[in-house]
Structure formats: C-alpha cells, structure tokens
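See below for entry-v4.cif, which holds mmCIF, C-alpha atoms and all ligand atoms.
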```
data_start
#
loop_
_atom_site.label_atom_id
_atom_site.label_comp_id
_atom_site.auth_asym_id
_atom_site.auth_seq_id
_atom_site.Cartn_x
_atom_site.Cartn_y
_atom_site.Cartn_z
CA MET A 298 -103.52 0.18 -40.54
CA LYS A 299 -103.92 -2.39 -43.29
CA LYS A 300 -101.22 -0.60 -45.27
CA ASN A 301 -98.80 -0.91 -42.32
CA ILE A 302 -99.41 -4.62 -41.96
CA LEU A 303 -98.87 -5.08 -45.66
CA ARG A 304 -95.63 -3.10 -45.56
CA THR A 305 -94.32 -5.02 -42.54
CA THR A 306 -95.18 -8.35 -44.17
CA LEU A 307 -93.40 -7.30 -47.34
CA LEU A 308 -90.29 -6.19 -45.44
CA LEU A 309 -90.20 -9.39 -43.41
CA THR A 310 -90.56 -11.49 -46.55
CA LEU A 311 -87.68 -9.61 -48.18
CA ALA A 312 -85.52 -9.98 -45.05
CA VAL A 313 -86.13 -13.73 -44.91
CA PHE A 314 -85.46 -14.06 -48.63
CA PHE A 315 -82.18 -12.16 -48.52
CA SER A 316 -80.86 -13.87 -45.39
CA ALA A 317 -81.72 -17.28 -46.88
CA SER A 318 -79.92 -16.52 -50.12
CA ALA A 319 -76.97 -15.00 -48.20
CA LEU A 320 -76.75 -18.22 -46.19
CA ALA A 321 -76.87 -20.36 -49.35
CA GLU A 322 -74.13 -18.21 -50.90
CA HIS A 323 -72.07 -18.52 -47.70
CA ASN A 324 -72.42 -22.33 -47.70
CA LYS A 325 -71.43 -22.50 -51.37
CA MET A 326 -68.30 -20.45 -50.68
CA ASN A 327 -67.37 -22.72 -47.77
CA VAL A 328 -67.77 -25.81 -49.96
CA GLU A 329 -65.49 -24.26 -52.59
CA LYS A 330 -62.91 -23.30 -49.96
CA ASP A 331 -62.92 -26.79 -48.41
CA ASN A 332 -62.77 -28.38 -51.86
CA LYS A 333 -59.53 -26.48 -52.58
CA LYS A 334 -58.04 -27.43 -49.21
CA LEU A 335 -59.00 -31.04 -49.80
CA LYS A 336 -57.24 -31.04 -53.17
CA LYS A 337 -53.89 -30.39 -51.49
CA LEU A 338 -54.35 -33.37 -49.17
CA LEU A 339 -55.33 -35.91 -51.85
CA PRO A 340 -51.80 -36.98 -52.92
CA MET A 341 -51.05 -38.01 -49.32
CA LEU A 342 -54.01 -40.38 -49.03
CA PRO A 343 -53.44 -44.13 -49.59
CA GLU A 344 -56.24 -44.28 -52.20
CA TYR A 345 -54.42 -41.71 -54.35
CA GLU A 346 -52.50 -44.74 -55.68
CA TRP A 347 -55.66 -46.42 -56.98
CA SER A 348 -55.63 -46.15 -60.74
CA TYR A 349 -56.88 -47.44 -64.09
CA PRO A 350 -57.63 -50.20 -64.90
CA TYR A 351 -59.62 -50.80 -61.72
CA GLU A 352 -59.99 -54.25 -60.20
CA LEU A 353 -62.58 -55.55 -57.77
CA PRO A 354 -60.79 -55.69 -54.38
CA ASP A 355 -60.92 -58.94 -52.39
CA LEU A 356 -62.70 -58.98 -49.06
CA ASN A 357 -60.71 -59.64 -45.89
CA TYR A 358 -63.42 -62.08 -44.74
CA ASP A 359 -65.82 -64.68 -46.18
CA TYR A 360 -69.26 -63.75 -47.50
CA ASP A 361 -70.93 -65.37 -44.45
CA ALA A 362 -68.56 -63.84 -41.88
CA LEU A 363 -70.72 -60.80 -41.06
CA GLU A 364 -73.84 -62.84 -40.30
CA PRO A 365 -76.33 -62.28 -38.78
CA SER A 366 -75.85 -58.50 -39.27
CA VAL A 367 -75.25 -58.82 -43.00
CA ASP A 368 -76.30 -62.12 -44.62
CA LYS A 369 -74.17 -64.25 -46.92
CA THR A 370 -76.32 -63.89 -50.06
CA THR A 371 -76.44 -60.10 -49.76
CA MET A 372 -72.66 -59.96 -49.32
CA ARG A 373 -72.07 -62.25 -52.29
CA ILE A 374 -74.34 -60.35 -54.67
CA HIS A 375 -73.29 -56.95 -53.33
CA HIS A 376 -69.58 -57.66 -53.81
CA SER A 377 -69.46 -59.96 -56.84
CA LYS A 378 -72.27 -58.33 -58.86
CA HIS A 379 -72.88 -54.74 -57.73
CA HIS A 380 -69.31 -53.76 -56.86
CA GLN A 381 -68.04 -55.67 -59.91
CA GLY A 382 -70.53 -53.68 -62.00
CA TYR A 383 -69.22 -50.35 -60.67
CA THR A 384 -65.66 -51.55 -61.32
CA ASN A 385 -66.46 -52.40 -64.94
CA GLY A 386 -68.40 -49.17 -65.32
CA THR A 387 -65.45 -47.10 -64.08
CA ASN A 388 -63.12 -48.75 -66.58
CA ALA A 389 -65.66 -48.25 -69.37
CA ALA A 390 -66.09 -44.56 -68.48
CA LEU A 391 -62.31 -44.04 -68.67
CA LYS A 392 -61.47 -46.27 -71.63
CA GLY A 393 -59.69 -44.31 -74.37
CA LYS A 394 -59.67 -41.06 -72.37
CA ASP A 395 -56.34 -39.22 -72.21
CA TYR A 396 -56.88 -38.53 -68.51
CA ARG A 397 -57.65 -42.14 -67.59
CA ASP A 398 -54.44 -42.67 -65.54
CA LYS A 399 -55.13 -39.84 -63.12
CA PRO A 400 -56.09 -40.94 -59.59
CA LEU A 401 -59.80 -41.62 -59.15
CA ILE A 402 -60.07 -39.21 -56.21
CA SER A 403 -58.68 -36.37 -58.31
CA PHE A 404 -61.70 -36.76 -60.65
CA PHE A 405 -64.01 -36.50 -57.63
CA ASN A 406 -62.33 -33.23 -56.62
CA LYS A 407 -63.36 -31.67 -59.97
CA MET A 408 -66.43 -33.77 -60.65
CA ASP A 409 -68.19 -31.18 -62.84
CA LYS A 410 -65.46 -31.64 -65.48
CA TYR A 411 -66.16 -35.34 -65.91
CA SER A 412 -69.03 -37.53 -67.07
CA ASP A 413 -72.01 -38.71 -65.05
CA ALA A 414 -70.90 -42.27 -65.90
CA LEU A 415 -67.61 -41.64 -64.10
CA ARG A 416 -69.40 -39.96 -61.21
CA ASN A 417 -71.78 -42.91 -60.73
CA SER A 418 -69.47 -45.85 -61.44
CA GLY A 419 -66.32 -44.26 -60.01
CA GLY A 420 -68.23 -43.27 -56.89
CA GLY A 421 -69.65 -46.78 -56.60
CA PHE A 422 -66.20 -48.32 -56.99
CA TYR A 423 -64.63 -46.06 -54.37
CA ASN A 424 -67.48 -46.09 -51.83
CA HIS A 425 -67.73 -49.89 -51.78
CA SER A 426 -63.93 -50.37 -51.71
CA LEU A 427 -63.87 -48.39 -48.45
CA PHE A 428 -67.11 -49.86 -47.07
CA TRP A 429 -65.83 -53.47 -46.99
CA THR A 430 -62.77 -52.40 -44.98
CA PHE A 431 -64.90 -50.70 -42.31
CA MET A 432 -66.50 -54.02 -41.37
CA THR A 433 -65.02 -57.08 -39.66
CA PRO A 434 -66.59 -60.27 -38.25
CA GLY A 435 -68.00 -59.51 -34.80
CA GLY A 436 -66.84 -55.89 -34.92
CA ASN A 437 -64.40 -54.47 -32.41
CA GLU A 438 -64.11 -51.88 -29.67
CA LEU A 439 -64.03 -48.15 -30.26
CA LYS A 440 -60.77 -46.95 -28.72
CA GLY A 441 -57.68 -44.82 -29.28
CA GLU A 442 -57.48 -41.45 -31.02
CA ILE A 443 -60.75 -41.84 -32.94
CA LYS A 444 -62.63 -42.40 -29.67
CA GLU A 445 -61.16 -39.20 -28.24
CA ALA A 446 -61.98 -37.31 -31.44
CA ILE A 447 -65.58 -38.56 -31.44
CA ASN A 448 -65.99 -37.50 -27.81
CA LEU A 449 -64.49 -34.10 -28.56
CA ASN A 450 -66.49 -33.41 -31.74
CA PHE A 451 -69.86 -34.94 -30.85
CA GLY A 452 -69.85 -34.88 -27.05
CA GLY A 453 -69.77 -38.67 -26.76
CA PHE A 454 -70.34 -41.86 -28.73
CA GLU A 455 -74.12 -41.96 -28.16
CA SER A 456 -74.67 -38.56 -29.71
CA PHE A 457 -72.38 -39.42 -32.65
CA LYS A 458 -74.29 -42.68 -33.14
CA GLU A 459 -77.63 -40.86 -33.15
CA LYS A 460 -76.35 -38.34 -35.74
CA PHE A 461 -74.95 -41.09 -37.98
CA GLU A 462 -78.13 -43.18 -37.74
CA ASN A 463 -80.24 -40.13 -38.59
CA ALA A 464 -78.05 -39.38 -41.61
CA ALA A 465 -78.49 -42.99 -42.76
CA LYS A 466 -82.24 -43.09 -42.12
CA SER A 467 -83.02 -39.68 -43.59
CA GLN A 468 -81.18 -40.22 -46.89
CA PHE A 469 -84.17 -40.31 -49.24
CA GLY A 470 -83.90 -43.19 -51.71
CA SER A 471 -80.45 -44.60 -52.41
CA GLY A 472 -77.26 -43.24 -50.91
CA TRP A 473 -74.69 -43.34 -48.13
CA ALA A 474 -74.09 -42.10 -44.58
CA TRP A 475 -70.60 -40.85 -43.73
CA LEU A 476 -68.26 -39.90 -40.92
CA VAL A 477 -65.63 -37.58 -42.39
CA ILE A 478 -62.75 -35.42 -41.29
CA THR A 479 -62.96 -31.97 -42.88
CA PRO A 480 -59.81 -30.30 -44.27
CA ASP A 481 -59.77 -28.27 -41.03
CA GLY A 482 -59.59 -31.42 -38.92
CA LYS A 483 -63.18 -31.48 -37.66
CA LEU A 484 -65.25 -34.66 -37.59
CA LYS A 485 -68.63 -34.36 -39.30
CA VAL A 486 -71.52 -36.66 -40.16
CA THR A 487 -73.16 -36.27 -43.55
CA ASN A 488 -75.05 -38.17 -46.24
CA THR A 489 -74.91 -38.33 -50.02
CA ALA A 490 -77.33 -39.48 -52.72
CA ASN A 491 -76.74 -42.31 -55.20
CA GLN A 492 -72.98 -43.08 -55.44
CA ASP A 493 -71.81 -39.57 -54.55
CA ASN A 494 -69.32 -39.11 -51.73
CA PRO A 495 -67.85 -36.26 -49.65
CA MET A 496 -64.73 -36.14 -51.85
CA MET A 497 -66.87 -34.89 -54.77
CA SER A 498 -66.70 -31.17 -55.50
CA HIS A 499 -70.46 -30.64 -55.20
CA ALA A 500 -70.89 -32.49 -51.86
CA LYS A 501 -72.43 -30.29 -49.14
CA VAL A 502 -69.77 -31.46 -46.64
CA GLN A 503 -66.24 -31.84 -48.02
CA GLY A 504 -64.04 -34.32 -46.23
CA ILE A 505 -61.95 -37.45 -46.09
CA PRO A 506 -64.14 -40.52 -45.41
CA LEU A 507 -63.43 -42.32 -42.13
CA LEU A 508 -66.53 -44.54 -42.07
CA ASN A 509 -69.42 -45.08 -44.45
CA LEU A 510 -72.65 -47.05 -44.58
CA ASP A 511 -74.40 -48.14 -47.76
CA VAL A 512 -78.15 -47.51 -47.49
CA TRP A 513 -79.09 -48.61 -51.02
CA GLU A 514 -81.80 -51.27 -50.81
CA HIS A 515 -79.41 -53.75 -52.47
CA ALA A 516 -77.35 -53.56 -49.25
CA TYR A 517 -80.10 -54.87 -46.96
CA TYR A 518 -83.37 -55.75 -48.71
CA LEU A 519 -82.98 -59.57 -48.81
CA ASN A 520 -82.60 -59.78 -45.05
CA TYR A 521 -84.34 -56.65 -43.74
CA GLN A 522 -86.87 -55.77 -46.50
CA ASN A 523 -88.25 -52.31 -45.67
CA LYS A 524 -86.60 -52.18 -42.22
CA ARG A 525 -83.67 -49.89 -42.99
CA GLY A 526 -83.55 -48.87 -39.32
CA SER A 527 -82.79 -52.44 -38.14
CA TYR A 528 -80.04 -52.79 -40.74
CA ILE A 529 -78.48 -49.54 -39.50
CA GLN A 530 -78.70 -50.66 -35.84
CA ASN A 531 -77.00 -53.98 -36.62
CA PHE A 532 -74.20 -52.27 -38.54
CA TRP A 533 -72.62 -51.28 -35.19
CA ASN A 534 -72.06 -55.01 -34.46
CA VAL A 535 -69.62 -55.32 -37.35
CA VAL A 536 -67.80 -51.95 -37.45
CA ASP A 537 -64.01 -52.25 -37.58
CA TRP A 538 -62.97 -49.33 -35.36
CA THR A 539 -59.32 -50.33 -35.71
CA GLU A 540 -59.54 -49.48 -39.41
CA VAL A 541 -61.48 -46.26 -38.76
CA ASN A 542 -58.81 -45.26 -36.25
CA ARG A 543 -56.04 -46.08 -38.73
CA ARG A 544 -57.60 -43.83 -41.39
CA TYR A 545 -58.22 -41.10 -38.84
CA LYS A 546 -54.54 -41.09 -37.86
CA ILE A 547 -53.42 -40.94 -41.52
CA ALA A 548 -55.76 -38.00 -42.15
CA ARG A 549 -54.62 -36.17 -39.00
CA ASP A 550 -50.96 -36.69 -39.87
CA ILE A 551 -51.28 -35.21 -43.37
CA MET A 552 -53.05 -32.12 -41.99
CA LYS A 553 -50.15 -31.27 -39.66
MN MN A 601 -73.95 -50.99 -52.54
#
```
Please express what this file holds, its structure, as structure tokens.
Ligand code: MN
Amino acid sequence: MKKNILRTTLLLTLAVFFSASALAEHNKMNVEKDNKKLKKLLPMLPEYEWSYPYELPDLNYDYDALEPSVDKTTMRIHHSKHHQGYTNGTNAALKGKDYRDKPLISFFNKMDKYSDALRNSGGGFYNHSLFWTFMTPGGNELKGEIKEAINLNFGGFESFKEKFENAAKSQFGSGWAWLVITPDGKLKVTNTANQDNPMMSHAKVQGIPLLNLDVWEHAYYLNYQNKRGSYIQNFWNVVDWTEVNRRYKIARDIMK
C-alpha cells in the first residue's frame, strides 16, 4: 500500500516536472518566433529613424500641464534629469562603437549581443521618449480603431484597464506596464523590469508598444509616496488616446 502511494507520488511529481519544463520550452520558442517576426517590422516603424547621437526630445506640453495627475516638479526632474541621464548614457554606451549608427530598436531586437549599459540607458531613452507622447493635458476620449481593438481583444475597456493596472501594480520594484501589439496583430498587456521593454529579445511578450506607464518610484514618489495604485488610477486622466490610436494604425498597416 505504502509502496503504491510512493510510486504514484513519484509519477505525479515527474509528470508535473516534465509538463512545466515543456511549457517553459514552448514559451521560449514562441518568444524566439515572435522576435524574428518583429525584426521584419522594425524598419517600418517611425522610431527606426532614431539614431546616434541621441537628443532629449522636447515635451509637447509644459511641466505643470499634467497636474494634478502628475505634478510639475516630478515632470521637471523626470524629463530634465532622469531622461537626460538615459540620453547621455545611451550616447556613452555607443561612443566609439562601429555599430553606433544602427537604429536603437535594432539593438533591442538582439539585446544579448550588446552591453548592459546599452540595455539600461537605451531602454530608458526609448521608453521615456514614448511615454511623454502617450500623455496630454486633460487626456482625451478612447475612440476609433484602438477602441474597437481593445473591445475585441479584452472584451471591453474595463477589463483591459484592470489588466493594465494589475500589470503596473504587480511589477515588483522598478519597471513599466505596457499595451503592445504582437507581430500577429493581437493586443496584449505585459510588464517589464528596470528599463527593459517588449522590443527586447528576452522580453516574455514581444510586441510593438502602443502605450506604456512608468512605475519607477521616480515617476510618482514626490506626489504619491508609497501609493503606486493612486498614481496608476490617475494616469487614465491624462492618456492621449489619439496618439495610441495613431500608433496602432501604423502597426496594423505594416502587418498587412
Ligand atoms: Mn522614468
């Protein structure tokens, strides 16, 4: 009797172990497949033109324009110090390198071939450059093709919102929440640690960013302290859906 129980337990343990590792292997293969598909789309994205030497992009609004959702001091320090720092860091990581003139997003697509300095600073430069464009004073209405796509992929805005908020809240430590379009044209929500992004070859979900949210403490601590959840809630008041829709349409068009 005891022997049978032992044997069953052993078999079950082995079954769980092998199905878990088969699943991990399956996910890894999907990431590699999507990474290759993504590579073909890169030259058609507007940010493929971004190249060395990198410059801090201007904001389309004043530092105080997103108040009360994002306060003036946070915006000023975040843009003029943090983003400037990532810009300088990207240039420093590429200085003197024979590959320095390649598009930034092509480095992301083969991130394991390049330095951690380029991964961190280049990611920081790219992620923030997009982030500023996804916000606008007072926000605007979700409409058009992106609204239809969100309804289709998530079963409605409320369930998308919940997924995105969970991705932002559950990112342990510093990182980002993302809405992406996969190379197969599906919308997905994901998160990344540090300054990684879904364009990077090791990201668990490969895709073209359509919306992102910075959940590093430097993005909210002055105004919200430990209340990351309130910061995330208030983000919806300043989202520029017109810009998200514009990027969605570009991404859809290049996949046709
Ligand atoms: Mn930041």
* Structure fact -> Restricting to only C-alpha atoms, whichever of A:Phe422, A:Trp475, A:Thr430, A:Lys333 is closest to Lys378 (chain A) is A:Phe422
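The spacing separating CA of Val512 (chain A) from CA of Leu391 (chain A) amounts to 26.7 Å.
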* For Phe405 (chain A): contacts at 6 Å, only C-alpha atoms, fewer than 2 positions along chain excluded, given as JSON, numbers by chain -> {"A": [402, 403, 407, 408, 496, 497]}
* Smallest atom-to-atom distance to ligand MN 601 (chain A): which of A:Arg416, A:Lys485, A:Lys444, A:His376, using only C-alpha atoms and all ligand atoms? -> A:His376
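Residues with any atom within 10 Å of Arg525 (chain A), counting all atoms listed in the file and excluding same-chain neighbours fewer than 2 positions away, are Ala465, Lys466, Val512, Trp513, Glu514, Ala516, Tyr517, Tyr518, Tyr521, Gln522, Asn523, Ser527, Tyr528, Ile529 and Gln530 of chain A.
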Return as a short mmCIF file (atom, residue, chain, number, x, y, z; two decimals) with C-alpha atoms, in the frame of the given file every polymer residue, whether protein, DNA or RNA, with at least one atom no more than 7 Å from an atom of ligand MN 601 (chain A); count all atoms listed in the file.
```
data_model
loop_
_atom_site.label_atom_id
_atom_site.label_comp_id
_atom_site.auth_asym_id
_atom_site.auth_seq_id
_atom_site.Cartn_x
_atom_site.Cartn_y
_atom_site.Cartn_z
CA HIS A 375 -73.29 -56.95 -53.33
CA HIS A 379 -72.88 -54.74 -57.73
CA HIS A 380 -69.31 -53.76 -56.86
CA HIS A 425 -67.73 -49.89 -51.78
CA ASP A 511 -74.40 -48.14 -47.76
CA TRP A 513 -79.09 -48.61 -51.02
CA HIS A 515 -79.41 -53.75 -52.47
CA ALA A 516 -77.35 -53.56 -49.25
#
```
* Asked: To one decimal place, how far is CA of Gly419 (chain A) from CA of Thr384 (chain A) in Å?
  -> 7.4 Å
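Comparing A:Phe532, A:Tyr349, A:Phe451, A:Phe431 by their smallest distance to Lys399 (chain A), the closest is A:Tyr349 (using only C-alpha atoms).
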Taking the block above, write region 499-516 of chain A with N, CA and C atoms as a PDB file, in the first residue's frame.
```pdb
ATOM      1  N   HIS A 499      14.698  39.346 -25.047  1.00  0.00           N
ATOM      2  CA  HIS A 499      14.412  38.443 -23.930  1.00  0.00           C
ATOM      3  C   HIS A 499      13.047  38.706 -23.282  1.00  0.00           C
ATOM      4  N   ALA A 500      12.309  39.722 -23.757  1.00  0.00           N
ATOM      5  CA  ALA A 500      11.025  40.053 -23.126  1.00  0.00           C
ATOM      6  C   ALA A 500      10.031  38.905 -23.287  1.00  0.00           C
ATOM      7  N   LYS A 501       9.254  38.638 -22.239  1.00  0.00           N
ATOM      8  CA  LYS A 501       8.337  37.482 -22.246  1.00  0.00           C
ATOM      9  C   LYS A 501       7.208  37.662 -23.267  1.00  0.00           C
ATOM     10  N   VAL A 502       6.811  38.930 -23.520  1.00  0.00           N
ATOM     11  CA  VAL A 502       5.848  39.236 -24.580  1.00  0.00           C
ATOM     12  C   VAL A 502       6.544  40.159 -25.568  1.00  0.00           C
ATOM     13  N   GLN A 503       6.642  39.725 -26.817  1.00  0.00           N
ATOM     14  CA  GLN A 503       7.282  40.519 -27.865  1.00  0.00           C
ATOM     15  C   GLN A 503       6.216  41.349 -28.573  1.00  0.00           C
ATOM     16  N   GLY A 504       6.458  42.645 -28.718  1.00  0.00           N
ATOM     17  CA  GLY A 504       5.459  43.436 -29.412  1.00  0.00           C
ATOM     18  C   GLY A 504       5.868  44.873 -29.607  1.00  0.00           C
ATOM     19  N   ILE A 505       5.066  45.567 -30.394  1.00  0.00           N
ATOM     20  CA  ILE A 505       5.280  46.987 -30.650  1.00  0.00           C
ATOM     21  C   ILE A 505       4.493  47.770 -29.595  1.00  0.00           C
ATOM     22  N   PRO A 506       5.184  48.643 -28.838  1.00  0.00           N
ATOM     23  CA  PRO A 506       4.485  49.391 -27.781  1.00  0.00           C
ATOM     24  C   PRO A 506       3.423  50.346 -28.348  1.00  0.00           C
ATOM     25  N   LEU A 507       2.236  50.304 -27.715  1.00  0.00           N
ATOM     26  CA  LEU A 507       1.169  51.240 -28.087  1.00  0.00           C
ATOM     27  C   LEU A 507       0.872  52.208 -26.951  1.00  0.00           C
ATOM     28  N   LEU A 508       1.228  51.798 -25.734  1.00  0.00           N
ATOM     29  CA  LEU A 508       1.010  52.614 -24.533  1.00  0.00           C
ATOM     30  C   LEU A 508       1.931  52.055 -23.450  1.00  0.00           C
ATOM     31  N   ASN A 509       2.523  52.947 -22.667  1.00  0.00           N
ATOM     32  CA  ASN A 509       3.323  52.453 -21.541  1.00  0.00           C
ATOM     33  C   ASN A 509       3.121  53.347 -20.323  1.00  0.00           C
ATOM     34  N   LEU A 510       3.439  52.792 -19.173  1.00  0.00           N
ATOM     35  CA  LEU A 510       3.347  53.553 -17.926  1.00  0.00           C
ATOM     36  C   LEU A 510       4.574  53.253 -17.066  1.00  0.00           C
ATOM     37  N   ASP A 511       5.275  54.311 -16.706  1.00  0.00           N
ATOM     38  CA  ASP A 511       6.473  54.234 -15.880  1.00  0.00           C
ATOM     39  C   ASP A 511       6.050  54.006 -14.430  1.00  0.00           C
ATOM     40  N   VAL A 512       6.480  52.885 -13.832  1.00  0.00           N
ATOM     41  CA  VAL A 512       6.161  52.665 -12.417  1.00  0.00           C
ATOM     42  C   VAL A 512       7.418  52.673 -11.528  1.00  0.00           C
ATOM     43  N   TRP A 513       8.487  53.299 -12.024  1.00  0.00           N
ATOM     44  CA  TRP A 513       9.641  53.571 -11.154  1.00  0.00           C
ATOM     45  C   TRP A 513       9.176  54.568 -10.089  1.00  0.00           C
ATOM     46  N   GLU A 514       9.729  54.497  -8.906  1.00  0.00           N
ATOM     47  CA  GLU A 514       9.324  55.460  -7.863  1.00  0.00           C
ATOM     48  C   GLU A 514       9.616  56.897  -8.290  1.00  0.00           C
ATOM     49  N   HIS A 515      10.655  57.114  -9.098  1.00  0.00           N
ATOM     50  CA  HIS A 515      10.952  58.497  -9.522  1.00  0.00           C
ATOM     51  C   HIS A 515       9.799  59.112 -10.325  1.00  0.00           C
ATOM     52  N   ALA A 516       8.902  58.272 -10.829  1.00  0.00           N
ATOM     53  CA  ALA A 516       7.781  58.762 -11.637  1.00  0.00           C
ATOM     54  C   ALA A 516       6.624  59.275 -10.784  1.00  0.00           C
TER      55      ALA A 516
END
```
